[in-house]
$ cat my_file_12.csv   # CSV, C-alpha atoms
chain,number,residue,atom,x,y,z
A,1,MET,CA,53.0,-6.7,56.4
A,2,SER,CA,52.7,-4.0,53.7
A,3,THR,CA,49.5,-3.2,51.9
A,4,PRO,CA,49.6,-4.1,48.1
A,5,VAL,CA,49.5,-1.2,45.8
A,6,VAL,CA,47.3,-1.4,42.7
A,7,ASN,CA,49.2,-0.1,39.7
A,8,SER,CA,47.1,2.4,37.7
A,9,PRO,CA,48.0,5.0,35.2
A,10,LEU,CA,46.3,7.6,37.3
A,11,THR,CA,48.0,6.7,40.7
A,12,SER,CA,51.4,7.7,39.4
A,13,LEU,CA,50.2,11.1,38.2
A,14,PRO,CA,50.0,14.4,40.1
A,15,VAL,CA,46.6,15.5,41.4
A,16,ASP,CA,46.3,18.2,38.7
A,17,SER,CA,47.1,15.7,36.0
A,18,VAL,CA,44.5,13.3,37.3
A,19,LYS,CA,41.9,16.1,37.2
A,20,ASP,CA,42.8,16.9,33.7
A,21,ALA,CA,42.6,13.3,32.7
A,22,LEU,CA,39.1,13.0,34.3
A,23,TYR,CA,38.0,16.1,32.6
A,24,GLU,CA,39.2,14.9,29.2
A,25,SER,CA,37.4,11.6,29.8
A,26,GLU,CA,34.2,13.3,30.7
A,27,ARG,CA,34.5,15.6,27.7
A,28,ARG,CA,35.0,12.6,25.3
A,29,PHE,CA,32.0,10.9,26.9
A,30,SER,CA,29.8,13.9,26.5
A,31,ALA,CA,30.9,14.3,22.8
A,32,ILE,CA,30.1,10.6,22.1
A,33,VAL,CA,26.7,10.8,23.8
A,34,SER,CA,25.7,14.1,22.1
A,35,SER,CA,26.4,12.5,18.7
A,36,ILE,CA,24.1,9.5,19.4
A,37,PRO,CA,20.7,9.9,17.7
A,38,GLY,CA,18.6,9.1,20.7
A,39,LEU,CA,18.6,9.2,24.5
A,40,VAL,CA,21.3,7.7,26.6
A,41,PHE,CA,20.2,6.8,30.1
A,42,GLN,CA,21.2,5.1,33.4
A,43,MET,CA,18.4,3.6,35.5
A,44,HIS,CA,18.4,1.9,38.9
A,45,MET,CA,16.1,-0.5,40.6
A,46,THR,CA,16.5,-0.1,44.3
A,47,THR,CA,16.3,-2.9,46.9
A,48,ASP,CA,12.6,-2.0,47.5
A,49,GLY,CA,11.8,-2.4,43.8
A,50,GLN,CA,11.6,1.3,43.0
A,51,VAL,CA,12.9,2.4,39.5
A,52,VAL,CA,14.6,5.7,39.1
A,53,PHE,CA,16.7,7.4,36.4
A,54,THR,CA,20.1,8.5,37.6
A,55,TYR,CA,21.3,9.9,34.3
A,56,LEU,CA,19.6,11.2,31.1
A,57,SER,CA,21.4,12.7,28.1
A,58,GLU,CA,20.3,16.0,26.4
A,59,GLY,CA,18.1,14.1,23.9
A,60,CYS,CA,15.5,13.4,26.5
A,61,GLU,CA,13.0,16.2,25.7
A,62,ALA,CA,13.6,16.0,21.9
A,63,LEU,CA,12.7,12.3,22.0
A,64,LEU,CA,10.0,12.0,24.7
A,65,GLY,CA,8.7,15.6,25.0
A,66,ILE,CA,9.6,15.3,28.7
A,67,PRO,CA,12.3,17.5,30.3
A,68,ALA,CA,15.1,15.5,31.7
A,69,ALA,CA,14.6,17.2,35.1
A,70,ALA,CA,11.0,16.0,35.3
A,71,LEU,CA,11.9,12.4,34.4
A,72,LEU,CA,14.8,12.3,36.9
A,73,LYS,CA,12.4,13.5,39.5
A,74,ASP,CA,9.7,11.0,38.7
A,75,THR,CA,10.1,7.9,36.5
A,76,GLN,CA,6.4,7.3,36.5
A,77,THR,CA,6.1,10.2,34.1
A,78,LEU,CA,7.5,8.0,31.4
A,79,LEU,CA,5.2,5.1,32.3
A,80,ASN,CA,2.2,7.3,32.3
A,81,ALA,CA,3.1,8.5,28.7
A,82,MET,CA,3.2,4.9,27.5
A,83,GLU,CA,0.3,3.3,25.7
A,84,ALA,CA,-1.4,0.9,28.2
A,85,HIS,CA,-0.3,-2.3,26.5
A,86,SER,CA,3.2,-1.0,25.9
A,87,ALA,CA,3.5,0.0,29.6
A,88,SER,CA,2.4,-3.4,30.8
A,89,GLN,CA,5.0,-5.1,28.5
A,90,PHE,CA,7.7,-2.7,29.7
A,91,ARG,CA,7.1,-3.5,33.4
A,92,GLN,CA,7.1,-7.2,32.6
A,93,LYS,CA,10.4,-7.0,30.7
A,94,LEU,CA,11.9,-4.8,33.3
A,95,GLN,CA,11.1,-7.2,36.1
A,96,LYS,CA,12.4,-10.2,34.0
A,97,SER,CA,15.7,-8.4,33.2
A,98,ALA,CA,16.2,-7.5,36.9
A,99,LYS,CA,15.5,-11.0,38.0
A,100,GLN,CA,17.5,-12.9,35.4
A,101,HIS,CA,20.2,-10.2,34.9
A,102,LYS,CA,19.6,-10.3,31.2
A,103,ARG,CA,19.6,-7.6,28.6
A,104,LEU,CA,16.6,-5.3,28.5
A,105,ASP,CA,15.0,-5.0,25.0
A,106,TRP,CA,11.6,-3.4,24.6
A,107,GLU,CA,9.7,-1.4,22.0
A,108,GLY,CA,6.4,0.2,22.4
A,109,ARG,CA,4.3,3.3,21.8
A,110,ILE,CA,4.6,6.6,23.8
A,111,TRP,CA,2.0,9.4,23.5
A,112,ILE,CA,3.6,12.9,23.4
A,113,ALA,CA,0.8,15.1,24.7
A,114,ASP,CA,2.4,18.4,23.9
A,115,TRP,CA,2.9,17.4,20.2
A,116,GLN,CA,-0.3,15.3,19.9
A,117,ASP,CA,1.8,12.5,18.5
A,118,MET,CA,2.3,8.8,19.1
A,119,LYS,CA,5.9,7.6,18.8
A,120,TRP,CA,7.4,4.2,18.6
A,121,VAL,CA,10.4,3.9,20.9
A,122,ASN,CA,12.9,1.2,21.4
A,123,ILE,CA,14.8,0.7,24.7
A,124,ARG,CA,17.9,-1.4,24.9
A,125,ALA,CA,20.1,-1.7,27.9
A,126,THR,CA,22.6,-3.9,29.7
A,127,VAL,CA,22.0,-4.8,33.3
A,128,GLN,CA,24.4,-4.8,36.2
A,129,ASP,CA,23.9,-6.5,39.6
A,130,LEU,CA,24.6,-4.0,42.4
A,131,GLY,CA,24.0,-6.5,45.2
A,132,GLN,CA,21.2,-6.9,47.7
A,133,GLY,CA,18.5,-6.9,45.0
A,134,ALA,CA,19.5,-3.6,43.4
A,135,VAL,CA,20.3,-3.5,39.7
A,136,GLN,CA,21.5,-0.8,37.2
A,137,TRP,CA,20.7,-0.5,33.5
A,138,ASP,CA,22.9,1.4,31.1
A,139,GLY,CA,21.2,1.9,27.7
A,140,ILE,CA,19.7,3.9,24.9
A,141,MET,CA,16.3,4.9,23.7
A,142,LEU,CA,15.7,5.4,20.0
A,143,ASN,CA,12.8,6.7,17.9
A,144,ILE,CA,11.8,3.9,15.6
A,145,SER,CA,8.5,5.4,14.4
A,146,GLN,CA,9.6,5.7,10.8
A,147,SER,CA,10.9,2.1,10.5
A,148,LYS,CA,7.7,0.9,12.2
A,149,HIS,CA,5.4,2.8,9.9
A,150,GLU,CA,7.4,1.6,6.9
A,151,LYS,CA,7.1,-2.0,8.2
A,152,GLN,CA,3.4,-1.5,8.7
A,153,GLU,CA,3.0,-0.1,5.2
A,154,ILE,CA,4.9,-3.0,3.7
A,155,GLU,CA,2.7,-5.5,5.7
A,156,GLN,CA,-0.4,-3.6,4.6
A,157,ALA,CA,0.8,-3.6,1.0
A,158,ARG,CA,1.5,-7.3,1.2
A,159,SER,CA,-1.9,-8.0,2.7
A,160,ASP,CA,-3.6,-5.8,0.0
A,161,LEU,CA,-1.6,-7.6,-2.7
A,162,GLN,CA,-2.7,-11.0,-1.4
A,163,ALA,CA,-6.3,-9.9,-1.3
A,164,LEU,CA,-6.1,-8.5,-4.8
A,165,THR,CA,-4.4,-11.6,-6.1
A,166,ALA,CA,-7.2,-13.7,-4.6
A,167,HIS,CA,-9.8,-11.4,-6.1
A,168,VAL,CA,-8.1,-11.6,-9.6
A,169,GLN,CA,-8.1,-15.4,-9.4
A,170,GLN,CA,-11.8,-15.3,-8.4
A,171,VAL,CA,-12.6,-13.0,-11.3
A,172,LYS,CA,-10.6,-15.2,-13.7
A,173,GLU,CA,-12.6,-18.2,-12.6
A,174,GLN,CA,-15.9,-16.3,-13.0
A,175,GLU,CA,-14.8,-15.1,-16.5
A,176,ARG,CA,-13.9,-18.7,-17.4
A,177,VAL,CA,-17.3,-19.9,-16.3
A,178,CYS,CA,-19.0,-17.1,-18.2
A,179,ILE,CA,-17.0,-17.8,-21.4
A,180,ALA,CA,-17.7,-21.5,-21.0
A,181,ARG,CA,-21.4,-20.8,-20.6
A,182,GLU,CA,-21.5,-18.5,-23.7
A,183,ILE,CA,-19.5,-21.1,-25.8
A,184,HIS,CA,-21.8,-23.9,-24.6
A,185,ASP,CA,-25.1,-22.0,-24.9
A,186,ASP,CA,-24.5,-19.8,-27.9
A,187,LEU,CA,-21.9,-21.5,-30.0
A,188,GLY,CA,-22.8,-25.0,-28.9
A,189,GLY,CA,-26.5,-24.4,-29.4
A,190,ASN,CA,-26.0,-22.9,-32.9
A,191,LEU,CA,-23.6,-25.7,-34.0
A,192,THR,CA,-26.2,-28.3,-32.8
A,193,ALA,CA,-29.0,-26.5,-34.7
A,194,MET,CA,-26.8,-26.3,-37.9
A,195,LYS,CA,-25.9,-30.0,-37.6
A,196,LEU,CA,-29.6,-31.0,-37.3
A,197,GLY,CA,-30.6,-28.7,-40.1
A,198,LEU,CA,-27.9,-30.0,-42.4
A,199,SER,CA,-28.7,-33.6,-41.4
A,200,THR,CA,-32.3,-33.0,-42.4
A,201,MET,CA,-31.3,-31.4,-45.7
A,202,ILE,CA,-29.0,-34.4,-46.5
A,203,GLN,CA,-31.8,-36.9,-45.8
A,204,GLN,CA,-34.1,-34.9,-48.0
A,205,ILE,CA,-31.5,-34.8,-50.9
A,206,GLU,CA,-30.8,-38.6,-50.5
A,207,GLY,CA,-34.6,-39.3,-50.6
A,208,GLY,CA,-35.0,-37.2,-53.7
A,209,LEU,CA,-37.0,-34.6,-51.8
A,210,PRO,CA,-36.6,-30.9,-52.5
A,211,VAL,CA,-34.8,-28.6,-50.1
A,212,SER,CA,-36.7,-25.4,-49.3
A,213,LEU,CA,-35.3,-21.9,-49.4
A,214,GLU,CA,-36.7,-21.4,-45.9
A,215,GLN,CA,-34.5,-24.2,-44.6
A,216,ALA,CA,-31.4,-22.7,-46.2
A,217,ASN,CA,-32.2,-19.2,-44.9
A,218,MET,CA,-32.7,-20.6,-41.4
A,219,LEU,CA,-29.2,-22.2,-41.6
A,220,GLN,CA,-27.8,-18.9,-42.9
A,221,ALA,CA,-29.4,-17.0,-40.0
A,222,ILE,CA,-27.9,-19.4,-37.4
A,223,ILE,CA,-24.4,-19.0,-39.0
A,224,ASN,CA,-24.8,-15.2,-38.8
A,225,GLN,CA,-25.7,-15.6,-35.1
A,226,THR,CA,-22.7,-17.7,-34.6
A,227,PHE,CA,-20.4,-15.1,-36.1
A,228,ASP,CA,-22.0,-12.5,-33.8
A,229,ALA,CA,-21.4,-14.7,-30.8
A,230,VAL,CA,-17.8,-15.2,-31.7
A,231,HIS,CA,-17.3,-11.4,-32.2
A,232,ARG,CA,-18.9,-10.7,-28.8
A,233,ILE,CA,-16.9,-13.3,-26.9
A,234,SER,CA,-13.6,-12.3,-28.5
A,235,GLY,CA,-14.5,-8.6,-27.9
A,236,ASN,CA,-15.0,-9.2,-24.2
A,237,LEU,CA,-11.6,-10.8,-24.0
A,238,ARG,CA,-9.9,-8.0,-26.0
A,239,PRO,CA,-11.9,-5.1,-27.4
A,240,ASN,CA,-11.5,-5.0,-31.2
A,241,ILE,CA,-11.6,-1.2,-31.0
A,242,LEU,CA,-8.0,-1.3,-29.6
A,243,ASP,CA,-6.8,-2.3,-33.1
A,244,LEU,CA,-7.6,1.3,-34.2
A,245,GLY,CA,-5.3,2.6,-31.4
A,246,LEU,CA,-5.6,3.9,-27.9
A,247,VAL,CA,-6.9,7.3,-28.8
A,248,ASP,CA,-9.8,6.0,-30.9
A,249,ALA,CA,-10.6,3.3,-28.4
A,250,LEU,CA,-10.9,5.8,-25.5
A,251,GLU,CA,-13.0,8.2,-27.7
A,252,TRP,CA,-15.3,5.3,-28.6
A,253,GLN,CA,-15.5,4.3,-24.9
A,254,VAL,CA,-16.5,7.8,-23.8
A,255,ASN,CA,-19.1,8.0,-26.6
A,256,GLN,CA,-20.6,4.7,-25.6
A,257,PHE,CA,-20.8,5.9,-21.9
A,258,LYS,CA,-22.5,9.1,-23.1
A,259,LYS,CA,-25.1,7.1,-25.1
A,260,GLN,CA,-25.8,4.6,-22.4
A,261,LEU,CA,-26.2,7.0,-19.5
A,262,GLY,CA,-27.4,10.1,-21.3
A,263,VAL,CA,-24.9,12.4,-19.4
A,264,SER,CA,-22.5,15.0,-20.8
A,265,ALA,CA,-19.2,13.3,-21.5
A,266,LYS,CA,-16.3,14.5,-23.6
A,267,PHE,CA,-12.9,13.2,-24.7
A,268,VAL,CA,-10.0,15.5,-25.2
A,269,THR,CA,-6.4,14.7,-26.4
A,270,ASN,CA,-3.3,16.4,-27.7
A,271,CYS,CA,-1.9,13.3,-29.3
A,272,HIS,CA,-4.2,12.1,-32.1
A,273,ASP,CA,-1.4,10.3,-33.8
A,274,LEU,CA,-0.2,8.5,-30.7
A,275,GLU,CA,1.3,5.1,-31.0
A,276,CYS,CA,2.0,3.0,-27.9
A,277,ASP,CA,2.4,-0.8,-27.3
A,278,ALA,CA,-0.5,-3.2,-26.8
A,279,ASP,CA,0.1,-3.7,-23.1
A,280,GLN,CA,0.0,0.0,-22.3
A,281,SER,CA,-3.1,0.5,-24.6
A,282,MET,CA,-5.0,-2.3,-22.9
A,283,ALA,CA,-4.0,-1.1,-19.3
A,284,LEU,CA,-5.2,2.5,-19.9
A,285,PHE,CA,-8.3,1.3,-21.7
A,286,ARG,CA,-9.2,-0.9,-18.8
A,287,ILE,CA,-8.4,1.8,-16.2
A,288,CYS,CA,-10.8,4.2,-18.1
A,289,GLN,CA,-13.4,1.4,-18.4
A,290,GLU,CA,-13.3,0.8,-14.6
A,291,ALA,CA,-13.4,4.5,-13.8
A,292,LEU,CA,-16.4,5.1,-16.0
A,293,SER,CA,-18.1,2.0,-14.6
A,294,ASN,CA,-17.6,3.4,-11.0
A,295,ILE,CA,-18.9,6.8,-12.1
A,296,ALA,CA,-22.0,5.2,-13.5
A,297,LYS,CA,-22.6,3.2,-10.3
A,298,TYR,CA,-21.7,5.6,-7.5
A,299,ALA,CA,-20.9,9.2,-8.6
A,300,GLN,CA,-24.3,10.6,-9.4
A,301,ALA,CA,-22.5,12.8,-11.9
A,302,ASN,CA,-23.9,14.6,-15.0
A,303,GLN,CA,-20.6,15.8,-16.4
A,304,VAL,CA,-17.6,13.6,-17.2
A,305,ALA,CA,-14.4,14.3,-19.0
A,306,VAL,CA,-11.6,12.0,-20.1
A,307,GLU,CA,-8.3,13.7,-21.1
A,308,LEU,CA,-5.3,12.0,-22.7
A,309,SER,CA,-2.1,14.0,-22.9
A,310,LEU,CA,1.5,13.4,-24.0
A,311,LEU,CA,3.8,15.4,-21.7
A,312,GLU,CA,7.4,14.9,-22.8
A,313,ASP,CA,8.0,11.2,-22.4
A,314,ASP,CA,5.0,10.5,-20.2
A,315,LEU,CA,1.4,9.6,-21.1
A,316,VAL,CA,-1.1,11.3,-18.7
A,317,MET,CA,-4.8,10.4,-18.5
A,318,ARG,CA,-7.3,12.3,-16.3
A,319,ILE,CA,-10.8,11.2,-15.7
A,320,THR,CA,-13.0,13.8,-13.9
A,321,ASP,CA,-16.6,14.0,-12.9
A,322,ASN,CA,-18.8,16.5,-11.0
A,323,GLY,CA,-20.5,13.8,-8.8
A,324,ILE,CA,-20.6,13.4,-5.0
A,325,GLY,CA,-16.9,12.5,-4.7
A,326,ILE,CA,-15.2,9.7,-3.0
A,327,ALA,CA,-14.6,9.3,0.7
A,328,LEU,CA,-11.3,8.2,2.2
A,329,ALA,CA,-13.0,5.1,3.7
A,330,ASP,CA,-14.1,4.0,0.2
A,331,LYS,CA,-10.5,4.1,-1.1
A,332,ILE,CA,-9.1,2.0,1.7
A,333,LYS,CA,-11.9,-0.5,2.3
A,334,ALA,CA,-11.0,-4.1,2.0
A,335,ASN,CA,-13.1,-4.8,-1.1
A,336,ALA,CA,-12.1,-1.8,-3.1
A,337,PHE,CA,-10.6,-4.1,-5.8
A,338,GLY,CA,-11.6,-1.9,-8.7
A,339,LEU,CA,-9.7,1.1,-7.4
A,340,ARG,CA,-6.8,-1.1,-6.3
A,341,GLY,CA,-6.8,-2.7,-9.7
A,342,MET,CA,-6.4,0.6,-11.5
A,343,GLN,CA,-3.4,1.5,-9.3
A,344,GLU,CA,-1.9,-2.0,-9.9
A,345,ARG,CA,-2.3,-1.6,-13.7
A,346,ALA,CA,-0.5,1.7,-13.6
A,347,ALA,CA,2.2,0.4,-11.3
A,348,ALA,CA,2.8,-2.5,-13.7
A,349,LEU,CA,3.6,0.0,-16.4
A,350,GLY,CA,6.1,1.8,-14.1
A,351,GLY,CA,3.6,4.6,-13.5
A,352,GLU,CA,1.2,5.9,-10.9
A,353,CYS,CA,-2.5,6.3,-10.4
A,354,HIS,CA,-4.1,8.7,-7.8
A,355,ILE,CA,-7.7,8.9,-6.9
A,356,ASP,CA,-8.6,12.2,-5.2
A,357,ALA,CA,-11.2,14.9,-4.9
A,358,SER,CA,-11.5,17.2,-7.9
A,359,LYS,CA,-9.6,20.5,-7.5
A,360,ASP,CA,-12.2,22.3,-9.7
A,361,GLY,CA,-15.2,21.6,-7.6
A,362,PRO,CA,-17.3,18.7,-6.4
A,363,GLY,CA,-16.5,15.3,-7.8
A,364,THR,CA,-13.5,13.0,-8.3
A,365,CYS,CA,-10.3,13.1,-10.4
A,366,ILE,CA,-8.5,10.0,-11.4
A,367,TYR,CA,-4.9,10.9,-12.5
A,368,VAL,CA,-2.8,8.3,-14.3
A,369,ARG,CA,0.7,8.9,-15.4
A,370,THR,CA,2.9,6.3,-17.1
A,371,PRO,CA,6.1,6.4,-19.2
A,372,LEU,CA,5.2,6.2,-22.9
A,373,ALA,CA,5.9,2.7,-24.2
A,374,ALA,CA,6.5,3.1,-27.9
A,375,VAL,CA,5.6,0.4,-30.4
A,376,ALA,CA,8.5,-1.9,-31.1
A,377,THR,CA,9.7,-1.8,-34.7
$ encode --input "my_file_12.csv" --output "structure tokens"
Amino acid sequence: MSTPVVNSPLTSLPVDSVKDALYESERRFSAIVSSIPGLVFQMHMTTDGQVVFTYLSEGCEALLGIPAAALLKDTQTLLNAMEAHSASQFRQKLQKSAKQHKRLDWEGRIWIADWQDMKWVNIRATVQDLGQGAVQWDGIMLNISQSKHEKQEIEQARSDLQALTAHVQQVKEQERVCIAREIHDDLGGNLTAMKLGLSTMIQQIEGGLPVSLEQANMLQAIINQTFDAVHRISGNLRPNILDLGLVDALEWQVNQFKKQLGVSAKFVTNCHDLECDADQSMALFRICQEALSNIAKYAQANQVAVELSLLEDDLVMRITDNGIGIALADKIKANAFGLRGMQERAAALGGECHIDASKDGPGTCIYVRTPLAAVAT
């Protein structure tokens, strides 16, 4: 009985042609592997549970900082480089993949000692049963550090935004309570006093009794107090000084700061006739207000400068002081809502706000840049 012959494109070719075909196949494989932005590998788990690499592409050292020869010699080199929790997860997923013959998918952190750098690496591989407990993985390792960091930044930004939103709501409620108290105590009290005073005067007139000038002056004084209270409350909601324009409002704010604290403070601008819309004026006024408040509370400064400049189509505001400066920890702490609020106000205008150490010496520089929003006509 004759042995069946398997029909293959290579079996009908001469030996030299087979060698050429194999060489061409290997060349194409090498070209494909070299173009992959990562590390292509083949890994075995022997019948006694030992894991060894049998193939590593040229991207090994570029990705892991470990020469391919060292990793082929000792797979433990990779496990030793993994962060402890990541290494534990990798072993668990490797065992599960080998046992269930399911795809290996792992990501974790690897410490590159020579570069003093922690990388995020993703490993994906298909598994093949070699029989008698041995398995083989064919897969790829990729550097996912950038995407991980971007994801972490997005998550941190989302967390910061949620905290800031909660803080804003809390501040709004506190402002409402303060406004309600002022309206009740000041306006309500004054209106009650006026009502009682007028009622007394009406009773006197109806009874044919004279109304004294002292009573009328008292009512007039209460009315004046009421006007003052209305101006104060409305000024807290929106400073009236902004009706004169942003430049005059900032100059007034700096002068008030100078009078209250007794420190050297100056305001400089190259755009005295500036016109910008109400939202931009309010945002920059509040940023300056918050910055000066922080200087008064924490900076221990005796010199402060506020500069407003129009540079092409951008409005730039710099607030500098010669105080003790600001630490990085103070900028990123969870309750730094004032600093975060300044940055959010600038971002809402399509601009930016940076809070850094002053370049001209000790102290802090707050740099705000926003596109100029002209007044609509």
$ atom_distance --input "my_file_12.csv" --atom1 "atom CA of A:Gly245" --atom2 "atom CA of A:Ala278"
8.8 Å
$ atom_distance --input "my_file_12.csv" --atom1 "atom CA of A:Gly139" --atom2 "atom CA of A:Lys96"
16.2 Å
$ atom_distance --input "my_file_12.csv" --atom1 "atom CA of A:Ile110" --atom2 "atom CA of A:Leu78"
8.3 Å
$ residues_around --input "my_file_12.csv" --residues "A:Ile319" --least-positions-apart "3" --cutoff "12 Å" --atoms "only C-alpha atoms" --output "MDAnalysis selection string"
chainID A and resid 250 254 265:268 284:285 287:295 303:309 316 322 353:358 363:369
$ closest_residue --input "my_file_12.csv" --among "A:Val263, A:Val51, A:Leu142, A:Leu339" --to "A:Arg109" --atoms "all atoms listed in the file"
A:Leu142
$ residues_around --input "my_file_12.csv" --residues "stretch 63-71 of chain A" --least-positions-apart "3" --cutoff "8 Å" --atoms "all atoms listed in the file" --output "PDB file with C-alpha atoms, keeping the file's coordinate frame"
ATOM      1  CA  GLY A  38      18.600   9.100  20.700  1.00  0.00           C
ATOM      2  CA  LEU A  39      18.600   9.200  24.500  1.00  0.00           C
ATOM      3  CA  PHE A  53      16.700   7.400  36.400  1.00  0.00           C
ATOM      4  CA  LEU A  56      19.600  11.200  31.100  1.00  0.00           C
ATOM      5  CA  SER A  57      21.400  12.700  28.100  1.00  0.00           C
ATOM      6  CA  GLU A  58      20.300  16.000  26.400  1.00  0.00           C
ATOM      7  CA  GLY A  59      18.100  14.100  23.900  1.00  0.00           C
ATOM      8  CA  CYS A  60      15.500  13.400  26.500  1.00  0.00           C
ATOM      9  CA  ASP A  74       9.700  11.000  38.700  1.00  0.00           C
ATOM     10  CA  THR A  75      10.100   7.900  36.500  1.00  0.00           C
ATOM     11  CA  GLN A  76       6.400   7.300  36.500  1.00  0.00           C
ATOM     12  CA  THR A  77       6.100  10.200  34.100  1.00  0.00           C
ATOM     13  CA  LEU A  78       7.500   8.000  31.400  1.00  0.00           C
ATOM     14  CA  ILE A 110       4.600   6.600  23.800  1.00  0.00           C
ATOM     15  CA  ILE A 112       3.600  12.900  23.400  1.00  0.00           C
ATOM     16  CA  ALA A 113       0.800  15.100  24.700  1.00  0.00           C
ATOM     17  CA  ASP A 114       2.400  18.400  23.900  1.00  0.00           C
ATOM     18  CA  TRP A 115       2.900  17.400  20.200  1.00  0.00           C
ATOM     19  CA  LEU A 142      15.700   5.400  20.000  1.00  0.00           C
ATOM     20  CA  ASN A 143      12.800   6.700  17.900  1.00  0.00           C
TER      21      ASN A 143
END
$ closest_residue --input "my_file_12.csv" --among "A:Ser88, A:Asn224, A:Gln156, A:Ser281" --to "A:Leu242" --atoms "all atoms listed in the file"
A:Ser281
